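Structure file work_36.txt; described as compact mmCIF, C-alpha atoms.
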```txt
# COMPACT_ATOMS: atom_id res chain seq x y z
CA MET A 18 125.88 118.05 98.64
CA LYS A 19 128.50 118.66 95.93
CA THR A 20 126.26 117.44 93.09
CA PRO A 21 123.72 120.31 93.26
CA LYS A 22 126.58 122.81 93.40
CA ILE A 23 128.29 121.25 90.36
CA ASN A 24 125.00 121.17 88.44
CA PHE A 25 124.44 124.83 89.31
CA TYR A 26 127.87 125.82 87.96
CA ARG A 27 127.35 123.72 84.82
CA SER A 28 124.02 125.45 84.20
CA ILE A 29 125.64 128.86 84.60
CA LEU A 30 128.48 127.85 82.26
CA VAL A 31 126.02 126.61 79.61
CA LEU A 32 124.09 129.88 79.74
CA LEU A 33 127.34 131.83 79.47
CA VAL A 34 128.50 129.81 76.46
CA ILE A 35 125.17 130.27 74.67
CA SER A 36 125.22 133.99 75.44
CA LEU A 37 128.75 134.35 74.08
CA ALA A 38 127.91 132.35 70.97
CA SER A 39 124.94 134.55 70.25
CA CYS A 40 127.21 137.59 70.42
CA GLY A 41 129.52 136.14 67.77
CA GLY A 42 127.38 137.51 64.99
CA ALA A 43 126.68 140.88 66.58
CA LYS A 44 124.79 143.12 64.18
CA LYS A 45 126.93 145.52 62.22
CA THR A 46 125.89 148.19 59.80
CA GLY A 47 125.06 146.91 56.34
CA ASP A 48 128.18 148.54 54.91
CA ASP A 49 130.44 146.89 57.51
CA LEU A 50 128.89 143.50 56.87
CA ILE A 51 129.21 143.85 53.10
CA SER A 52 132.84 144.93 53.50
CA ASP A 53 133.60 141.95 55.78
CA ALA A 54 131.88 139.57 53.32
CA ARG A 55 133.93 140.95 50.41
CA GLN A 56 137.18 140.63 52.39
CA GLU A 57 136.45 137.02 53.37
CA LYS A 58 135.43 136.11 49.81
CA ALA A 59 138.69 137.61 48.52
CA MET A 60 140.65 135.68 51.16
CA ILE A 61 138.93 132.40 50.22
CA GLU A 62 139.61 132.93 46.51
CA ARG A 63 143.24 133.89 47.22
CA GLU A 64 143.95 130.97 49.59
CA TYR A 65 141.83 128.39 47.72
CA PRO A 66 141.84 129.43 44.01
CA MET A 67 139.53 126.57 42.99
CA MET A 68 136.74 128.21 45.03
CA ALA A 69 136.48 131.11 42.53
CA ASP A 70 134.70 128.72 40.14
CA TYR A 71 132.05 128.05 42.79
CA PHE A 72 131.51 131.75 43.51
CA ASN A 73 131.26 132.48 39.76
CA GLY A 74 129.26 129.39 38.77
CA ALA A 75 126.67 129.21 41.54
CA SER A 76 123.21 130.71 41.08
CA GLY A 77 123.88 132.45 44.35
CA TYR A 78 125.68 132.27 47.66
CA ALA A 79 125.38 133.51 51.20
CA ILE A 80 128.58 134.43 53.02
CA PHE A 81 128.71 134.74 56.80
CA PRO A 82 132.08 136.40 57.51
CA ASN A 83 132.04 136.09 61.31
CA VAL A 84 130.22 133.11 62.79
CA GLY A 85 130.82 132.49 66.50
CA LYS A 86 130.19 129.11 68.11
CA GLY A 87 130.53 128.12 71.73
CA ALA A 88 129.65 124.89 73.50
CA TYR A 89 129.65 123.02 76.75
CA ILE A 90 127.44 120.02 75.95
CA ILE A 91 124.80 122.50 74.68
CA GLY A 92 126.20 124.63 71.91
CA GLY A 93 125.12 127.69 70.02
CA ALA A 94 126.28 129.52 66.92
CA SER A 95 125.30 132.84 65.46
CA GLY A 96 126.29 135.05 62.56
CA ASN A 97 125.09 137.60 60.03
CA GLY A 98 125.69 137.36 56.33
CA VAL A 99 125.19 138.81 52.88
CA VAL A 100 123.29 136.99 50.12
CA TYR A 101 124.24 137.27 46.44
CA GLN A 102 122.50 136.14 43.25
CA ASN A 103 124.58 135.95 40.08
CA GLY A 104 127.25 138.12 41.78
CA ARG A 105 124.79 140.87 42.81
CA MET A 106 123.92 141.54 46.46
CA ILE A 107 120.21 140.83 47.04
CA GLY A 108 119.88 140.81 50.83
CA TYR A 109 121.05 139.80 54.27
CA ALA A 110 120.69 136.65 56.35
CA ASP A 111 120.92 135.70 60.03
CA LEU A 112 122.29 132.33 61.08
CA LYS A 113 121.33 130.65 64.37
CA GLN A 114 122.15 127.18 65.66
CA VAL A 115 121.58 125.35 68.92
CA ASP A 116 122.77 121.78 69.34
CA VAL A 117 123.37 119.21 72.04
CA GLY A 118 126.13 116.63 72.19
CA LEU A 119 129.59 115.85 73.42
CA GLN A 120 131.26 119.19 72.71
CA LEU A 121 133.34 121.80 74.48
CA GLY A 122 135.06 124.96 73.34
CA GLY A 123 134.59 127.99 71.18
CA LYS A 124 135.34 128.79 67.58
CA ALA A 125 135.06 131.58 65.03
CA PHE A 126 134.72 130.75 61.36
CA VAL A 127 133.52 131.93 57.96
CA GLU A 128 130.61 130.01 56.45
CA VAL A 129 129.52 130.08 52.82
CA LEU A 130 126.38 128.46 51.41
CA PHE A 131 126.52 127.93 47.64
CA PHE A 132 123.19 127.57 45.84
CA GLU A 133 123.49 125.34 42.80
CA THR A 134 120.17 126.36 41.25
CA ASP A 135 117.76 129.30 41.28
CA GLU A 136 115.22 127.02 42.99
CA ALA A 137 117.61 126.32 45.89
CA LEU A 138 118.23 130.06 46.31
CA GLU A 139 114.46 130.73 46.22
CA ARG A 140 113.89 128.18 49.01
CA PHE A 141 116.50 130.03 51.08
CA GLN A 142 114.79 133.37 50.43
CA ASN A 143 111.27 132.15 51.33
CA GLY A 144 110.94 132.72 55.09
CA SER A 145 112.85 130.57 57.55
CA TYR A 146 115.28 128.13 55.99
CA GLU A 147 116.81 125.20 57.86
CA LEU A 148 119.66 122.91 56.98
CA SER A 149 118.75 119.29 57.52
CA ALA A 150 120.25 117.46 60.48
CA ASN A 151 122.48 115.43 58.14
CA ALA A 152 123.94 118.49 56.37
CA SER A 153 127.71 118.63 56.52
CA ALA A 154 130.26 121.26 55.63
CA VAL A 155 133.53 121.05 53.77
CA ILE A 156 136.20 122.62 55.96
CA LEU A 157 138.77 124.43 53.86
CA ASP A 158 142.31 123.86 55.03
CA GLU A 159 145.76 123.64 53.46
CA GLY A 160 145.17 120.19 51.96
CA PHE A 161 141.78 120.90 50.37
CA SER A 162 141.49 119.84 46.74
CA GLU A 163 138.09 118.15 46.52
CA ASP A 164 134.90 119.00 44.71
CA LEU A 165 131.98 120.30 46.74
CA GLU A 166 128.99 118.03 47.24
CA PHE A 167 125.62 119.69 46.76
CA GLN A 168 122.79 118.32 48.88
CA ASP A 169 119.31 119.54 47.89
CA GLY A 170 121.03 122.19 45.76
CA VAL A 171 123.18 123.59 48.59
CA ALA A 172 126.89 123.11 49.37
CA ILE A 173 128.38 124.41 52.62
CA VAL A 174 131.97 125.55 53.14
CA THR A 175 133.56 126.72 56.38
CA VAL A 176 136.93 128.35 56.96
CA PRO A 177 138.23 128.32 60.56
CA LYS A 178 139.37 131.69 61.91
CA ALA A 179 140.16 131.17 65.60
CA GLY A 180 139.38 129.04 68.63
CA ALA A 181 139.53 125.42 69.62
CA MET A 182 136.68 122.95 69.22
CA ALA A 183 136.51 119.31 68.25
CA GLY A 184 134.51 120.01 65.08
CA ILE A 185 131.97 122.17 63.37
CA SER A 186 128.46 120.85 62.95
CA VAL A 187 126.11 122.68 60.63
CA GLY A 188 123.04 120.44 60.66
CA GLY A 189 120.17 122.17 62.38
CA GLN A 190 121.18 125.69 61.42
CA ARG A 191 118.30 128.10 60.83
CA PHE A 192 118.47 131.13 58.56
CA GLU A 193 116.31 134.22 58.17
CA PHE A 194 116.57 136.14 54.88
CA THR A 195 115.91 139.89 54.60
CA PRO A 196 115.80 141.43 51.10
CA ALA A 197 118.00 144.48 50.44
CA GLN A 198 116.13 147.78 50.55
```

Translate this structure into structure tokens?
Amino acid sequence: MKTPKINFYRSILVLLVISLASCGGAKKTGDDLISDARQEKAMIEREYPMMADYFNGASGYAIFPNVGKGAYIIGGASGNGVVYQNGRMIGYADLKQVDVGLQLGGKAFVEVLFFETDEALERFQNGSYELSANASAVILDEGFSEDLEFQDGVAIVTVPKAGAMAGISVGGQRFEFTPAQ
């Protein structure tokens, strides 16, 4: 009789983890989100000076200053971000991810998508955009000194903020773009 009880508690835990992950990117006012994005961009450029070239050289970028991810076998991530083209803010984006696999824990991180070309940025802006299942992110840490790899015109960078999790997967993320008013 213990198995149904254990399965019940696992189901409750999974729902709790997904609920918490979806709160990680709780909506803020546009001004708060823009301020957070600017602060995180400044931090990335200060801590990793070589990243300034990517911010300045990309056709555009989307920065998600507060992405929350939680998982217990089934995982979820959520965040809100600001999208820039040639250094000018052009809109907002929502990030959502659900994945299944051997995973446990919770994590908060910053995620930046760099768009190598105007065409890559346009694809992001046209309705729902998804990263392919094989997309991978470069995780910035103290030893980072590599070049970014663009895949289909997009490079992904994450910067851990808090939490403990075996890794960060980004394949399967879905984005919704909203133009600035």

Task: d(atom CA of Gln190 of chain A, atom CA of Gly93 of chain A) in Å - done: 9.7 Å

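One distance worth recording is that between atom CA of Phe141 of chain A and atom CA of Gly47 of chain A, which is 19.6 Å.
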
- [ ] Could you tell me how far atom CA of Phe81 of chain A lies from atom CA of Arg55 of chain A, in Å and to one decimal?
- [x] 10.3 Å

Task: Gly96 of chain A environment, 6 Å, only C-alpha atoms, sequence neighbours closer than 6 positions dropped, as a count of residues only - done: 5

TODO: Between A:Met68, A:Val100, A:Ala110, A:Ile80, single out the one closest to Gly144 of chain A, counting only C-alpha atoms.
DONE: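 For Gly144 of chain A, the nearest of the candidates is A:Ala110.
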
Residues of segment 72-154 of chain A that have any atom at most 12 Å from an atom of segment 60-64 of chain A: could you tabulate them with the shortest-distance atom pair and the distance in Å to one decimal, using only C-alpha atoms, ordered by chain and increasing number, as CSV?
```
residue,atom,partner,partner_atom,distance
A:Phe72,CA,A:Glu62,CA,8.7
A:Asn73,CA,A:Glu62,CA,10.7
A:Ile80,CA,A:Ile61,CA,10.9
A:Pro82,CA,A:Met60,CA,10.7
A:Val127,CA,A:Ile61,CA,9.5
A:Glu128,CA,A:Ile61,CA,10.7
A:Val129,CA,A:Ile61,CA,10.0
```

Could you rebuild segment 128-148 of chain A with N, CA, C and O atoms and give me the result as a PDB file, keeping the file's coordinate frame?
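Done, and the output landed in out_17.pdb:
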```
ATOM      1  N   GLU A 128     131.446 131.044  57.068  1.00  0.00           N
ATOM      2  CA  GLU A 128     130.610 130.010  56.450  1.00  0.00           C
ATOM      3  C   GLU A 128     130.031 130.555  55.153  1.00  0.00           C
ATOM      4  O   GLU A 128     129.579 131.697  55.101  1.00  0.00           O
ATOM      5  N   VAL A 129     130.082 129.720  54.110  1.00  0.00           N
ATOM      6  CA  VAL A 129     129.520 130.080  52.820  1.00  0.00           C
ATOM      7  C   VAL A 129     128.554 128.984  52.386  1.00  0.00           C
ATOM      8  O   VAL A 129     128.897 127.806  52.431  1.00  0.00           O
ATOM      9  N   LEU A 130     127.351 129.380  51.999  1.00  0.00           N
ATOM     10  CA  LEU A 130     126.380 128.460  51.410  1.00  0.00           C
ATOM     11  C   LEU A 130     126.330 128.776  49.927  1.00  0.00           C
ATOM     12  O   LEU A 130     126.068 129.922  49.540  1.00  0.00           O
ATOM     13  N   PHE A 131     126.615 127.768  49.097  1.00  0.00           N
ATOM     14  CA  PHE A 131     126.520 127.930  47.640  1.00  0.00           C
ATOM     15  C   PHE A 131     125.205 127.309  47.188  1.00  0.00           C
ATOM     16  O   PHE A 131     124.880 126.190  47.572  1.00  0.00           O
ATOM     17  N   PHE A 132     124.450 128.048  46.364  1.00  0.00           N
ATOM     18  CA  PHE A 132     123.190 127.570  45.840  1.00  0.00           C
ATOM     19  C   PHE A 132     123.391 127.169  44.379  1.00  0.00           C
ATOM     20  O   PHE A 132     123.692 128.012  43.533  1.00  0.00           O
ATOM     21  N   GLU A 133     123.221 125.895  44.116  1.00  0.00           N
ATOM     22  CA  GLU A 133     123.490 125.340  42.800  1.00  0.00           C
ATOM     23  C   GLU A 133     122.484 125.799  41.747  1.00  0.00           C
ATOM     24  O   GLU A 133     122.828 125.979  40.580  1.00  0.00           O
ATOM     25  N   THR A 134     121.239 125.998  42.177  1.00  0.00           N
ATOM     26  CA  THR A 134     120.170 126.360  41.250  1.00  0.00           C
ATOM     27  C   THR A 134     119.385 127.566  41.767  1.00  0.00           C
ATOM     28  O   THR A 134     119.436 127.886  42.958  1.00  0.00           O
ATOM     29  N   ASP A 135     118.633 128.197  40.865  1.00  0.00           N
ATOM     30  CA  ASP A 135     117.760 129.300  41.280  1.00  0.00           C
ATOM     31  C   ASP A 135     116.704 128.810  42.265  1.00  0.00           C
ATOM     32  O   ASP A 135     116.330 129.535  43.185  1.00  0.00           O
ATOM     33  N   GLU A 136     116.229 127.578  42.088  1.00  0.00           N
ATOM     34  CA  GLU A 136     115.220 127.020  42.990  1.00  0.00           C
ATOM     35  C   GLU A 136     115.766 126.884  44.407  1.00  0.00           C
ATOM     36  O   GLU A 136     115.063 127.181  45.380  1.00  0.00           O
ATOM     37  N   ALA A 137     117.007 126.457  44.555  1.00  0.00           N
ATOM     38  CA  ALA A 137     117.610 126.320  45.890  1.00  0.00           C
ATOM     39  C   ALA A 137     117.740 127.700  46.546  1.00  0.00           C
ATOM     40  O   ALA A 137     117.469 127.848  47.742  1.00  0.00           O
ATOM     41  N   LEU A 138     118.124 128.701  45.765  1.00  0.00           N
ATOM     42  CA  LEU A 138     118.230 130.060  46.310  1.00  0.00           C
ATOM     43  C   LEU A 138     116.847 130.589  46.692  1.00  0.00           C
ATOM     44  O   LEU A 138     116.690 131.223  47.738  1.00  0.00           O
ATOM     45  N   GLU A 139     115.831 130.306  45.894  1.00  0.00           N
ATOM     46  CA  GLU A 139     114.460 130.730  46.220  1.00  0.00           C
ATOM     47  C   GLU A 139     113.984 130.115  47.531  1.00  0.00           C
ATOM     48  O   GLU A 139     113.333 130.786  48.328  1.00  0.00           O
ATOM     49  N   ARG A 140     114.278 128.826  47.742  1.00  0.00           N
ATOM     50  CA  ARG A 140     113.890 128.180  49.010  1.00  0.00           C
ATOM     51  C   ARG A 140     114.539 128.887  50.186  1.00  0.00           C
ATOM     52  O   ARG A 140     113.935 129.060  51.239  1.00  0.00           O
ATOM     53  N   PHE A 141     115.787 129.306  50.020  1.00  0.00           N
ATOM     54  CA  PHE A 141     116.500 130.030  51.080  1.00  0.00           C
ATOM     55  C   PHE A 141     115.823 131.370  51.352  1.00  0.00           C
ATOM     56  O   PHE A 141     115.705 131.795  52.497  1.00  0.00           O
ATOM     57  N   GLN A 142     115.379 132.035  50.311  1.00  0.00           N
ATOM     58  CA  GLN A 142     114.790 133.370  50.430  1.00  0.00           C
ATOM     59  C   GLN A 142     113.368 133.346  51.000  1.00  0.00           C
ATOM     60  O   GLN A 142     112.903 134.360  51.516  1.00  0.00           O
ATOM     61  N   ASN A 143     112.671 132.234  50.899  1.00  0.00           N
ATOM     62  CA  ASN A 143     111.270 132.150  51.330  1.00  0.00           C
ATOM     63  C   ASN A 143     111.169 131.856  52.822  1.00  0.00           C
ATOM     64  O   ASN A 143     111.130 130.708  53.232  1.00  0.00           O
ATOM     65  N   GLY A 144     111.129 132.903  53.649  1.00  0.00           N
ATOM     66  CA  GLY A 144     110.940 132.720  55.090  1.00  0.00           C
ATOM     67  C   GLY A 144     112.107 132.060  55.767  1.00  0.00           C
ATOM     68  O   GLY A 144     113.248 132.219  55.383  1.00  0.00           O
ATOM     69  N   SER A 145     111.808 131.273  56.794  1.00  0.00           N
ATOM     70  CA  SER A 145     112.850 130.570  57.550  1.00  0.00           C
ATOM     71  C   SER A 145     113.349 129.383  56.750  1.00  0.00           C
ATOM     72  O   SER A 145     112.570 128.617  56.199  1.00  0.00           O
ATOM     73  N   TYR A 146     114.648 129.230  56.696  1.00  0.00           N
ATOM     74  CA  TYR A 146     115.280 128.130  55.990  1.00  0.00           C
ATOM     75  C   TYR A 146     116.113 127.356  56.985  1.00  0.00           C
ATOM     76  O   TYR A 146     116.814 127.949  57.808  1.00  0.00           O
ATOM     77  N   GLU A 147     116.034 126.031  56.947  1.00  0.00           N
ATOM     78  CA  GLU A 147     116.810 125.200  57.860  1.00  0.00           C
ATOM     79  C   GLU A 147     117.630 124.198  57.076  1.00  0.00           C
ATOM     80  O   GLU A 147     117.153 123.631  56.093  1.00  0.00           O
ATOM     81  N   LEU A 148     118.868 123.988  57.529  1.00  0.00           N
ATOM     82  CA  LEU A 148     119.660 122.910  56.980  1.00  0.00           C
ATOM     83  C   LEU A 148     119.234 121.632  57.672  1.00  0.00           C
ATOM     84  O   LEU A 148     118.977 121.625  58.876  1.00  0.00           O
TER      85      LEU A 148
END
```
